[in-house]
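Asks: File model_9.pdb follows (PDB, C-alpha atoms):
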```pdb
MODEL        1
ATOM      1  CA  MET G  12      88.525 -57.117  72.287
ATOM      2  CA  GLU G  13      87.400 -55.611  68.992
ATOM      3  CA  ASN G  14      84.314 -53.432  68.457
ATOM      4  CA  LYS G  15      85.682 -50.491  70.458
ATOM      5  CA  ARG G  16      83.937 -47.132  70.298
ATOM      6  CA  ILE G  17      85.115 -43.576  70.915
ATOM      7  CA  LEU G  18      83.386 -41.859  73.839
ATOM      8  CA  GLY G  19      81.742 -38.801  72.294
ATOM      9  CA  LYS G  20      84.064 -35.928  71.402
ATOM     10  CA  SER G  21      87.009 -37.350  73.324
ATOM     11  CA  ASP G  22      90.144 -39.396  72.855
ATOM     12  CA  LEU G  23      88.772 -42.174  75.084
ATOM     13  CA  THR G  24      88.266 -45.533  73.369
ATOM     14  CA  ILE G  25      86.179 -48.135  75.182
ATOM     15  CA  VAL G  26      84.823 -51.604  74.686
ATOM     16  CA  PRO G  27      81.126 -50.647  74.588
ATOM     17  CA  LEU G  28      79.954 -52.187  77.822
ATOM     18  CA  ILE G  29      80.814 -50.428  81.071
ATOM     19  CA  PHE G  30      81.002 -52.151  84.456
ATOM     20  CA  GLY G  31      78.648 -50.512  86.976
ATOM     21  CA  GLY G  32      80.513 -50.183  90.270
ATOM     22  CA  ASN G  33      77.476 -49.730  92.530
ATOM     23  CA  VAL G  34      77.833 -53.383  93.630
ATOM     24  CA  PHE G  35      81.277 -52.895  95.215
ATOM     25  CA  GLY G  36      80.861 -52.767  98.975
ATOM     26  CA  TRP G  37      77.177 -53.624  98.680
ATOM     27  CA  THR G  38      76.332 -57.008  97.120
ATOM     28  CA  LEU G  39      80.037 -57.835  96.664
ATOM     29  CA  ASP G  40      82.703 -57.616  99.352
ATOM     30  CA  GLU G  41      86.264 -56.588  98.472
ATOM     31  CA  GLN G  42      87.572 -60.022  97.494
ATOM     32  CA  GLN G  43      84.485 -60.799  95.417
ATOM     33  CA  SER G  44      84.844 -57.404  93.734
ATOM     34  CA  PHE G  45      88.488 -58.136  92.909
ATOM     35  CA  ASP G  46      87.534 -61.505  91.407
ATOM     36  CA  ILE G  47      84.785 -60.126  89.161
ATOM     37  CA  LEU G  48      86.965 -57.205  88.051
ATOM     38  CA  ASP G  49      89.779 -59.606  87.159
ATOM     39  CA  GLN G  50      87.364 -61.620  85.027
ATOM     40  CA  PHE G  51      85.943 -58.464  83.427
ATOM     41  CA  MET G  52      89.405 -57.299  82.353
ATOM     42  CA  ASP G  53      90.460 -60.802  81.256
ATOM     43  CA  LEU G  54      87.541 -60.779  78.799
ATOM     44  CA  GLY G  55      88.970 -57.640  77.219
ATOM     45  CA  PHE G  56      86.675 -54.978  78.695
ATOM     46  CA  ASN G  57      88.237 -51.720  79.857
ATOM     47  CA  ALA G  58      85.681 -49.213  81.221
ATOM     48  CA  ILE G  59      84.429 -48.961  84.814
ATOM     49  CA  ASP G  60      81.893 -46.493  86.221
ATOM     50  CA  THR G  61      81.394 -45.657  89.883
ATOM     51  CA  ALA G  62      80.503 -42.636  92.048
ATOM     52  CA  ASN G  63      81.879 -40.929  95.124
ATOM     53  CA  ASN G  64      78.753 -41.813  97.132
ATOM     54  CA  TYR G  65      78.485 -45.540  96.258
ATOM     55  CA  SER G  66      77.356 -47.498  98.219
ATOM     56  CA  HIS G  67      75.985 -45.243 100.978
ATOM     57  CA  TRP G  68      72.612 -47.057 100.972
ATOM     58  CA  ALA G  69      74.002 -50.356 102.248
ATOM     59  CA  PRO G  70      73.656 -50.906 106.014
ATOM     60  CA  GLY G  71      76.756 -49.647 107.836
ATOM     61  CA  ASN G  72      78.110 -47.772 104.809
ATOM     62  CA  LYS G  73      78.644 -44.030 104.549
ATOM     63  CA  GLY G  74      79.630 -43.674 100.873
ATOM     64  CA  GLY G  75      83.004 -44.013  99.182
ATOM     65  CA  GLU G  76      83.176 -47.782  99.638
ATOM     66  CA  SER G  77      82.981 -48.524  95.904
ATOM     67  CA  GLU G  78      85.823 -46.138  95.019
ATOM     68  CA  THR G  79      87.936 -47.511  97.880
ATOM     69  CA  ILE G  80      87.556 -51.113  96.713
ATOM     70  CA  LEU G  81      88.195 -50.118  93.107
ATOM     71  CA  GLY G  82      91.294 -48.166  94.140
ATOM     72  CA  ASN G  83      92.638 -51.103  96.142
ATOM     73  CA  TRP G  84      92.127 -53.361  93.127
ATOM     74  CA  ILE G  85      93.847 -50.937  90.729
ATOM     75  CA  ASN G  86      96.768 -50.596  93.151
ATOM     76  CA  SER G  87      97.075 -54.385  93.527
ATOM     77  CA  LYS G  88      97.115 -54.876  89.741
ATOM     78  CA  GLY G  89      99.104 -51.814  88.700
ATOM     79  CA  ASN G  90      96.789 -51.548  85.686
ATOM     80  CA  ARG G  91      95.580 -47.933  85.832
ATOM     81  CA  GLU G  92      96.685 -47.133  82.265
ATOM     82  CA  LYS G  93      94.589 -50.001  80.896
ATOM     83  CA  ILE G  94      91.345 -48.689  82.419
ATOM     84  CA  ILE G  95      88.961 -45.938  81.383
ATOM     85  CA  LEU G  96      87.912 -44.807  84.855
ATOM     86  CA  MET G  97      84.638 -42.954  85.354
ATOM     87  CA  THR G  98      83.254 -41.573  88.588
ATOM     88  CA  LYS G  99      80.698 -39.003  89.646
ATOM     89  CA  VAL G 100      80.205 -36.082  92.039
ATOM     90  CA  GLY G 101      77.213 -34.177  93.356
ATOM     91  CA  GLY G 102      74.959 -37.014  94.506
ATOM     92  CA  ARG G 103      73.617 -37.536  98.013
ATOM     93  CA  PHE G 104      75.524 -39.369 100.726
ATOM     94  CA  GLY G 105      72.346 -40.151 102.614
ATOM     95  CA  TYR G 106      68.636 -39.816 102.159
ATOM     96  CA  ASP G 107      68.598 -36.713 104.344
ATOM     97  CA  THR G 108      71.170 -34.855 102.199
ATOM     98  CA  LYS G 109      70.834 -32.973  98.917
ATOM     99  CA  PRO G 110      72.779 -32.903  95.647
ATOM    100  CA  ASN G 111      75.602 -30.346  95.514
ATOM    101  CA  THR G 112      77.359 -28.951  92.426
ATOM    102  CA  GLN G 113      79.053 -25.941  94.012
ATOM    103  CA  ALA G 114      82.644 -25.326  92.916
ATOM    104  CA  SER G 115      84.106 -25.638  96.414
ATOM    105  CA  TYR G 116      82.313 -28.949  96.952
ATOM    106  CA  ILE G 117      83.421 -30.409  93.606
ATOM    107  CA  LYS G 118      87.055 -29.454  94.310
ATOM    108  CA  GLU G 119      86.888 -30.958  97.789
ATOM    109  CA  GLN G 120      85.274 -34.179  96.566
ATOM    110  CA  VAL G 121      87.623 -34.782  93.628
ATOM    111  CA  GLU G 122      90.553 -34.951  96.055
ATOM    112  CA  LEU G 123      88.728 -37.562  98.131
ATOM    113  CA  SER G 124      87.842 -39.579  95.027
ATOM    114  CA  LEU G 125      91.436 -39.481  93.728
ATOM    115  CA  LYS G 126      92.699 -40.630  97.113
ATOM    116  CA  ARG G 127      90.199 -43.502  97.341
ATOM    117  CA  LEU G 128      90.823 -44.534  93.731
ATOM    118  CA  GLN G 129      94.600 -44.298  94.286
ATOM    119  CA  THR G 130      95.110 -42.448  91.013
ATOM    120  CA  ASP G 131      96.266 -39.034  89.805
ATOM    121  CA  TYR G 132      93.472 -38.552  87.282
ATOM    122  CA  ILE G 133      89.908 -39.496  86.377
ATOM    123  CA  ASP G 134      89.084 -40.113  82.714
ATOM    124  CA  LEU G 135      85.422 -39.072  82.906
ATOM    125  CA  TYR G 136      84.186 -36.989  85.853
ATOM    126  CA  GLN G 137      80.409 -36.713  85.849
ATOM    127  CA  THR G 138      77.804 -34.489  87.454
ATOM    128  CA  HIS G 139      75.848 -37.229  89.228
ATOM    129  CA  TYR G 140      72.856 -35.065  90.169
ATOM    130  CA  ASP G 141      72.364 -31.413  89.313
ATOM    131  CA  ASP G 142      71.413 -29.410  92.410
ATOM    132  CA  GLU G 143      69.509 -27.029  90.073
ATOM    133  CA  VAL G 144      70.515 -23.931  92.074
ATOM    134  CA  THR G 145      74.285 -23.537  91.661
ATOM    135  CA  PRO G 146      75.036 -21.292  88.664
ATOM    136  CA  ILE G 147      76.032 -23.502  85.741
ATOM    137  CA  GLU G 148      79.090 -21.387  84.993
ATOM    138  CA  GLU G 149      80.369 -21.935  88.553
ATOM    139  CA  THR G 150      80.202 -25.724  88.128
ATOM    140  CA  LEU G 151      81.869 -25.624  84.709
ATOM    141  CA  ARG G 152      84.669 -23.338  85.905
ATOM    142  CA  ALA G 153      85.416 -25.785  88.723
ATOM    143  CA  TYR G 154      85.727 -28.543  86.126
ATOM    144  CA  GLU G 155      87.920 -26.268  83.981
ATOM    145  CA  ASP G 156      90.336 -25.816  86.900
ATOM    146  CA  LEU G 157      90.479 -29.560  87.504
ATOM    147  CA  ILE G 158      91.166 -30.269  83.821
ATOM    148  CA  GLN G 159      93.956 -27.677  83.785
ATOM    149  CA  GLU G 160      95.426 -29.289  86.907
ATOM    150  CA  GLY G 161      95.363 -32.678  85.163
ATOM    151  CA  LYS G 162      93.037 -34.214  87.767
ATOM    152  CA  ILE G 163      90.255 -34.975  85.308
ATOM    153  CA  LYS G 164      90.302 -35.446  81.527
ATOM    154  CA  HIS G 165      86.673 -35.020  80.450
ATOM    155  CA  ILE G 166      83.300 -34.232  81.996
ATOM    156  CA  GLY G 167      79.904 -35.861  81.650
ATOM    157  CA  ALA G 168      76.425 -35.505  83.136
ATOM    158  CA  SER G 169      73.976 -38.005  84.556
ATOM    159  CA  ASN G 170      70.771 -36.935  86.284
ATOM    160  CA  ILE G 171      70.273 -33.466  84.850
ATOM    161  CA  GLY G 172      67.192 -31.869  83.337
ATOM    162  CA  ALA G 173      67.202 -31.369  79.574
ATOM    163  CA  ALA G 174      66.913 -27.581  79.877
ATOM    164  CA  ARG G 175      69.879 -27.353  82.277
ATOM    165  CA  LEU G 176      71.883 -29.724  80.100
ATOM    166  CA  GLN G 177      71.226 -27.611  77.003
ATOM    167  CA  GLU G 178      72.050 -24.436  78.938
ATOM    168  CA  SER G 179      75.288 -26.029  80.178
ATOM    169  CA  LEU G 180      76.317 -26.889  76.612
ATOM    170  CA  THR G 181      75.453 -23.375  75.424
ATOM    171  CA  ILE G 182      77.461 -21.727  78.233
ATOM    172  CA  SER G 183      80.410 -24.035  77.525
ATOM    173  CA  LYS G 184      80.411 -22.853  73.923
ATOM    174  CA  GLU G 185      79.871 -19.156  74.649
ATOM    175  CA  GLN G 186      82.370 -18.953  77.531
ATOM    176  CA  ASN G 187      84.900 -21.380  76.012
ATOM    177  CA  LEU G 188      84.535 -23.683  79.018
ATOM    178  CA  PRO G 189      84.792 -27.495  79.131
ATOM    179  CA  ALA G 190      81.658 -29.140  77.736
ATOM    180  CA  TYR G 191      79.923 -32.323  78.782
ATOM    181  CA  ILE G 192      80.880 -35.086  76.325
ATOM    182  CA  SER G 193      78.470 -37.683  77.693
ATOM    183  CA  LEU G 194      75.065 -38.262  79.231
ATOM    184  CA  GLN G 195      74.277 -41.103  81.626
ATOM    185  CA  PRO G 196      70.474 -41.434  81.675
ATOM    186  CA  GLU G 197      68.162 -44.217  82.752
ATOM    187  CA  TYR G 198      67.377 -46.113  79.556
ATOM    188  CA  ASN G 199      66.474 -49.700  78.711
ATOM    189  CA  LEU G 200      63.851 -51.687  76.794
ATOM    190  CA  TYR G 201      61.230 -50.863  79.426
ATOM    191  CA  ASP G 202      62.270 -47.329  80.475
ATOM    192  CA  ARG G 203      62.364 -45.671  77.052
ATOM    193  CA  GLU G 204      59.917 -42.823  77.007
ATOM    194  CA  ASN G 205      61.720 -40.152  79.040
ATOM    195  CA  TYR G 206      65.029 -40.505  77.204
ATOM    196  CA  GLU G 207      63.505 -40.761  73.745
ATOM    197  CA  LYS G 208      61.080 -37.867  74.184
ATOM    198  CA  THR G 209      63.262 -35.551  76.271
ATOM    199  CA  TYR G 210      66.928 -36.156  75.480
ATOM    200  CA  LEU G 211      67.386 -38.003  72.200
ATOM    201  CA  LYS G 212      67.246 -34.962  69.905
ATOM    202  CA  LEU G 213      69.497 -32.938  72.217
ATOM    203  CA  VAL G 214      72.003 -35.810  72.271
ATOM    204  CA  GLU G 215      72.026 -36.063  68.475
ATOM    205  CA  GLU G 216      72.448 -32.320  67.970
ATOM    206  CA  ASN G 217      75.367 -32.133  70.400
ATOM    207  CA  GLU G 218      76.995 -35.472  69.520
ATOM    208  CA  LEU G 219      77.002 -36.644  73.143
ATOM    209  CA  ALA G 220      78.058 -40.151  74.081
ATOM    210  CA  VAL G 221      75.175 -41.893  75.856
ATOM    211  CA  ILE G 222      76.074 -44.436  78.542
ATOM    212  CA  PRO G 223      72.758 -45.506  80.105
ATOM    213  CA  TYR G 224      72.384 -46.910  83.604
ATOM    214  CA  TYR G 225      69.800 -49.519  84.690
ATOM    215  CA  SER G 226      70.424 -51.131  81.280
ATOM    216  CA  LEU G 227      68.699 -54.289  82.508
ATOM    217  CA  ALA G 228      66.010 -52.450  84.522
ATOM    218  CA  SER G 229      67.391 -53.567  87.892
ATOM    219  CA  GLY G 230      67.537 -57.150  86.600
ATOM    220  CA  PHE G 231      63.967 -57.271  85.295
ATOM    221  CA  LEU G 232      65.230 -57.795  81.727
ATOM    222  CA  SER G 233      67.734 -60.496  82.683
ATOM    223  CA  GLY G 234      65.366 -63.443  82.295
ATOM    224  CA  LYS G 235      65.313 -63.958  86.039
ATOM    225  CA  TYR G 236      61.644 -62.988  86.361
ATOM    226  CA  GLN G 237      59.259 -65.121  84.298
ATOM    227  CA  THR G 238      56.320 -65.710  86.633
ATOM    228  CA  GLU G 239      54.745 -64.169  89.737
ATOM    229  CA  SER G 240      56.581 -66.629  91.979
ATOM    230  CA  ASP G 241      60.014 -65.571  90.698
ATOM    231  CA  PHE G 242      59.723 -62.189  92.411
ATOM    232  CA  ILE G 243      59.463 -63.800  95.853
ATOM    233  CA  LYS G 244      62.910 -65.395  95.437
ATOM    234  CA  SER G 245      64.743 -62.057  95.195
ATOM    235  CA  ALA G 246      65.407 -59.435  97.889
ATOM    236  CA  ARG G 247      64.610 -56.708  95.344
ATOM    237  CA  GLY G 248      61.767 -58.704  93.797
ATOM    238  CA  GLU G 249      58.848 -56.885  95.411
ATOM    239  CA  GLY G 250      59.928 -53.464  94.156
ATOM    240  CA  ILE G 251      60.734 -54.789  90.698
ATOM    241  CA  GLN G 252      57.371 -56.559  90.479
ATOM    242  CA  LYS G 253      55.512 -53.409  91.486
ATOM    243  CA  ARG G 254      57.285 -51.308  88.869
ATOM    244  CA  TYR G 255      57.604 -53.633  85.899
ATOM    245  CA  TRP G 256      55.253 -56.628  86.121
ATOM    246  CA  ASN G 257      52.317 -55.275  84.116
ATOM    247  CA  GLU G 258      50.931 -56.066  80.666
ATOM    248  CA  ARG G 259      53.745 -54.212  78.876
ATOM    249  CA  GLY G 260      56.413 -55.747  81.107
ATOM    250  CA  ARG G 261      55.128 -59.257  80.422
ATOM    251  CA  ARG G 262      55.066 -58.483  76.698
ATOM    252  CA  ILE G 263      58.726 -57.389  76.804
ATOM    253  CA  VAL G 264      59.787 -60.509  78.745
ATOM    254  CA  ALA G 265      57.994 -62.727  76.209
ATOM    255  CA  ALA G 266      59.722 -60.969  73.295
ATOM    256  CA  LEU G 267      63.121 -61.244  75.002
ATOM    257  CA  ASN G 268      62.552 -64.970  75.516
ATOM    258  CA  GLU G 269      61.567 -65.442  71.892
ATOM    259  CA  VAL G 270      64.566 -63.526  70.515
ATOM    260  CA  SER G 271      67.070 -65.052  72.952
ATOM    261  CA  ASN G 272      65.873 -68.568  72.039
ATOM    262  CA  ALA G 273      66.190 -67.770  68.338
ATOM    263  CA  TYR G 274      69.753 -66.502  68.819
ATOM    264  CA  ARG G 275      70.643 -69.169  71.401
ATOM    265  CA  THR G 276      71.728 -66.616  73.978
ATOM    266  CA  SER G 277      70.398 -65.075  77.196
ATOM    267  CA  PRO G 278      67.675 -62.413  77.593
ATOM    268  CA  SER G 279      70.347 -60.207  79.254
ATOM    269  CA  ALA G 280      72.534 -60.387  76.154
ATOM    270  CA  VAL G 281      69.569 -59.512  73.935
ATOM    271  CA  ALA G 282      68.479 -56.563  76.121
ATOM    272  CA  LEU G 283      72.040 -55.172  76.071
ATOM    273  CA  ALA G 284      72.414 -55.844  72.329
ATOM    274  CA  TRP G 285      69.174 -53.927  71.729
ATOM    275  CA  LEU G 286      70.717 -50.919  73.484
ATOM    276  CA  LEU G 287      73.925 -51.252  71.477
ATOM    277  CA  ALA G 288      71.841 -51.252  68.286
ATOM    278  CA  GLN G 289      70.272 -47.872  69.117
ATOM    279  CA  PRO G 290      72.031 -45.146  67.061
ATOM    280  CA  THR G 291      72.592 -42.713  69.955
ATOM    281  CA  ILE G 292      73.850 -45.272  72.493
ATOM    282  CA  THR G 293      77.613 -45.567  72.936
ATOM    283  CA  ALA G 294      77.799 -48.139  75.744
ATOM    284  CA  PRO G 295      75.366 -49.478  78.339
ATOM    285  CA  ILE G 296      76.418 -49.615  81.982
ATOM    286  CA  ALA G 297      75.654 -52.934  83.684
ATOM    287  CA  SER G 298      76.671 -54.537  86.965
ATOM    288  CA  ALA G 299      77.817 -58.103  87.426
ATOM    289  CA  THR G 300      78.099 -60.274  90.511
ATOM    290  CA  LYS G 301      78.586 -63.665  88.812
ATOM    291  CA  THR G 302      80.615 -65.067  85.927
ATOM    292  CA  GLU G 303      77.402 -65.760  83.990
ATOM    293  CA  HIS G 304      76.631 -62.034  84.032
ATOM    294  CA  LEU G 305      79.995 -61.323  82.398
ATOM    295  CA  GLU G 306      79.280 -64.018  79.821
ATOM    296  CA  ALA G 307      76.092 -62.104  78.913
ATOM    297  CA  PHE G 308      78.191 -58.929  78.517
ATOM    298  CA  GLU G 309      80.551 -60.741  76.154
ATOM    299  CA  ALA G 310      77.664 -62.243  74.192
ATOM    300  CA  ALA G 311      75.965 -58.838  73.867
ATOM    301  CA  ILE G 312      79.086 -57.278  72.341
ATOM    302  CA  GLN G 313      79.215 -59.990  69.673
ATOM    303  CA  LEU G 314      75.462 -60.151  69.019
ATOM    304  CA  ARG G 315      74.043 -58.461  65.921
ATOM    305  CA  LEU G 316      70.268 -58.474  66.084
ATOM    306  CA  GLY G 317      68.505 -58.688  62.718
ATOM    307  CA  GLU G 318      65.667 -56.427  61.606
ATOM    308  CA  GLU G 319      63.006 -58.985  62.540
ATOM    309  CA  ALA G 320      64.338 -59.311  66.116
ATOM    310  CA  LEU G 321      64.671 -55.545  66.523
ATOM    311  CA  GLN G 322      61.132 -55.038  65.229
ATOM    312  CA  LYS G 323      59.770 -57.664  67.632
ATOM    313  CA  LEU G 324      61.447 -55.914  70.596
ATOM    314  CA  GLU G 325      60.283 -52.521  69.332
ATOM    315  CA  GLU G 326      56.680 -53.687  69.130
ATOM    316  CA  ALA G 327      56.748 -55.309  72.564
ATOM    317  CA  SER G 328      58.276 -52.272  74.275
ATOM    318  CA  LYS G 329      56.382 -49.457  72.561
ATOM    319  CA  TYR G 330      54.765 -46.985  74.945
TER     320      TYR G 330
ENDMDL
END
```
Now, as a test, write the supplied structure out as structure tokens.

Replies:
Amino acid sequence: MENKRILGKSDLTIVPLIFGGNVFGWTLDEQQSFDILDQFMDLGFNAIDTANNYSHWAPGNKGGESETILGNWINSKGNREKIILMTKVGGRFGYDTKPNTQASYIKEQVELSLKRLQTDYIDLYQTHYDDEVTPIEETLRAYEDLIQEGKIKHIGASNIGAARLQESLTISKEQNLPAYISLQPEYNLYDRENYEKTYLKLVEENELAVIPYYSLASGFLSGKYQTESDFIKSARGEGIQKRYWNERGRRIVAALNEVSNAYRTSPSAVALAWLLAQPTITAPIASATKTEHLEAFEAAIQLRLGEEALQKLEEASKY
């Protein structure tokens, strides 16, 4: 597939839509995961994001299920060199645990991730959640050791405060330590304010790749929810309705419908294409459980929204 982008200040080249691996071992079993991954790769995509604690929230799970399924698939296909593999460390394994970015923990967890993923190296190893107490230099030196050992290639950050992120980048420069090349924030047509007000300038100044999660706002922007009654049909509908179904949310859905009809594509494709049109965004992360979801990914990559469409979406989603 054409339209590849370089991931920040790295040598990693990706098709700019990343598969979100939170569904493996949760809404998809192993065989279903294999099938959707096969289709994803057949379409020409090459980047997959997961985490060491996915999907601990699913009944009966303890975390690590997503990496295990992904590793089994990679082993069955023998296609490791064709994939840009991203995973994360530091997040909780249960709702009674806390984030952890201590050096000893990171070094312990990377071994477990490598074993589950059945690989010798991780392309992008990300701080999933910052514990906000471990000295930044300690975390970065752990990553430095892992890079020198060839276990990870690059590092990124996800849920980290702007001040700690800036401090991390400053320490990296001053101490000649590995620096984060990417940020994985929550960002989509609805959830714009925090990223744009808090991180956008920092991202621009440091030339970070931005790979947002919840690109479709947990499915709210997919076109699935058009009326009050649509929320009843989904297991996650109640929570999504409570968070998004307000005057602004309805305005965004209406604009997505209008633009998607004009371009003869799906609201999902338009919402993802809007992200791809934002100057600081490298590649959205999105999950898929059906072939039609992958078709929206493919459409989004090809879609070039005109000024009128972008302005309509901008107006509808302004905060």

Asks: Using only C-alpha atoms, find each residue in segment 49-104 of chain G having at least one atom no more than 12 Å away from segment 294-302 of chain G; report its shortest atom-to-atom pair and that distance in Å (one decimal), rows by chain then rising number, as CSV.

Replies:
```
residue,atom,partner,partner_atom,distance
G:Asp49,CA,G:Thr302,CA,10.7
G:Gln50,CA,G:Thr302,CA,7.6
G:Phe51,CA,G:Thr302,CA,8.8
G:Asp53,CA,G:Thr302,CA,11.7
G:Leu54,CA,G:Thr302,CA,10.8
G:Phe56,CA,G:Ala294,CA,11.6
G:Asn57,CA,G:Ala294,CA,11.8
G:Ala58,CA,G:Ile296,CA,9.3
G:Ile59,CA,G:Ile296,CA,8.5
G:Asp60,CA,G:Ile296,CA,7.6
G:Thr61,CA,G:Ile296,CA,10.1
G:Met97,CA,G:Ile296,CA,11.1
```

Asks: How would the residues just picked look written out with C-alpha atoms as a CSV table (one decimal), keeping the file's coordinate frame?

Replies:
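Result file selection_37.csv:
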```csv
chain,number,residue,atom,x,y,z
G,49,ASP,CA,89.8,-59.6,87.2
G,50,GLN,CA,87.4,-61.6,85.0
G,51,PHE,CA,85.9,-58.5,83.4
G,53,ASP,CA,90.5,-60.8,81.3
G,54,LEU,CA,87.5,-60.8,78.8
G,56,PHE,CA,86.7,-55.0,78.7
G,57,ASN,CA,88.2,-51.7,79.9
G,58,ALA,CA,85.7,-49.2,81.2
G,59,ILE,CA,84.4,-49.0,84.8
G,60,ASP,CA,81.9,-46.5,86.2
G,61,THR,CA,81.4,-45.7,89.9
G,97,MET,CA,84.6,-43.0,85.4
```

Asks: Just say which residues the PyMOL selection byres ((chain G and resi 184-188) around 9) picks in this file, as a VMD selection string.

Replies: chain G and resid 148 151 to 152 154 to 155 179 to 183 189 to 190

Asks: Tell me, as a list in words, which residues lie within 10 Å of Trp84 of chain G, counting only C-alpha atoms; anything in the same chain fewer than 2 positions away does not count.

Replies: Glu41, Gln42, Ser44, Phe45, Asp46, Leu48, Asp49, Glu78, Thr79, Ile80, Leu81, Gly82, Asn86, Ser87, Lys88, Gly89, Asn90, Arg91, Leu128 and Gln129 of chain G

Asks: Identify which of the residues G:Ala288, G:Ala246, G:Leu18, G:Ala62 lies closest to Leu316 of chain G, counting only C-alpha atoms when measuring atom-to-atom distances.

Replies: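 Comparing G:Ala288, G:Ala246, G:Leu18, G:Ala62 against Leu316 of chain G, the winner is G:Ala288.
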
Asks: Any chance you could work out the residue set of the PyMOL selection byres ((chain G and resi 239) around 12) here, as number ranges by chain?

Replies: G: 235-238, 240-245, 248-249, 251-253, 255-257, 261

Asks: Between atom CA of Leu305 of chain G and atom CA of Trp68 of chain G, what is the spacing in Å?

Replies: 24.6 Å

Asks: Please write the residues picked by the PyMOL selection byres ((chain G and resi 175) around 12) on this file as a PyMOL selection string.

Replies: chain G and resi 138+140-148+150+168-174+176-182+191+210+213

Asks: For Tyr201 of chain G, please output as an MDAnalysis selection string all residues within 10 Å (counting only C-alpha atoms; exclusion window: fewer than 3 positions along the same chain).

Replies: chainID G and resid 198 204 226:228 231:232 255 259:260 263:264 282 327:330

Asks: Expressed in Å to a single decimal, how great is the separation between atom CA of Ala69 of chain G and atom CA of Gly31 of chain G?

Replies: 16.0 Å

Asks: Please put the answer as JSON: centre and edge lengths, in Å with one decimal, of a box along x, y and z that encloses all listed atoms of segment 240-255 of chain G plus 3 Å on each side.

Replies:
```
{"center_x": 60.5, "center_y": -59.0, "center_z": 91.9, "size_x": 15.9, "size_y": 21.3, "size_z": 18.0}
```

Asks: Calculated over all atoms listed in the file, which of the candidates G:Glu119, G:Asp134, G:Glu303, G:Glu318 has the smallest distance to Ala153 of chain G?

Replies: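 Closest to Ala153 of chain G of all the choices is G:Glu119.
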
Asks: Show me, as a count of residues only, the residues that have an atom within 9 Å of Ile192 of chain G when counting only C-alpha atoms, minus same-chain residues fewer than 5 positions from it.

Replies: 14

Asks: Which distance in Å separates atom CA of His304 of chain G and atom CA of Gly102 of chain G, to one decimal?

Replies: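 Computed distance, atom CA of His304 of chain G to atom CA of Gly102 of chain G, equals 27.2 Å.
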
Asks: Which residue out of G:Glu269, G:Glu309, G:Asp22, G:Glu76 has the minimum interatomic distance to Trp37 of chain G when only C-alpha atoms are used?

Replies: G:Glu76

Asks: Which residue gives the smallest distance to Arg315 of chain G among G:Gln43, G:Asn268, G:Thr276, G:Thr293, with all atoms listed in the file counted?

Replies: G:Thr276
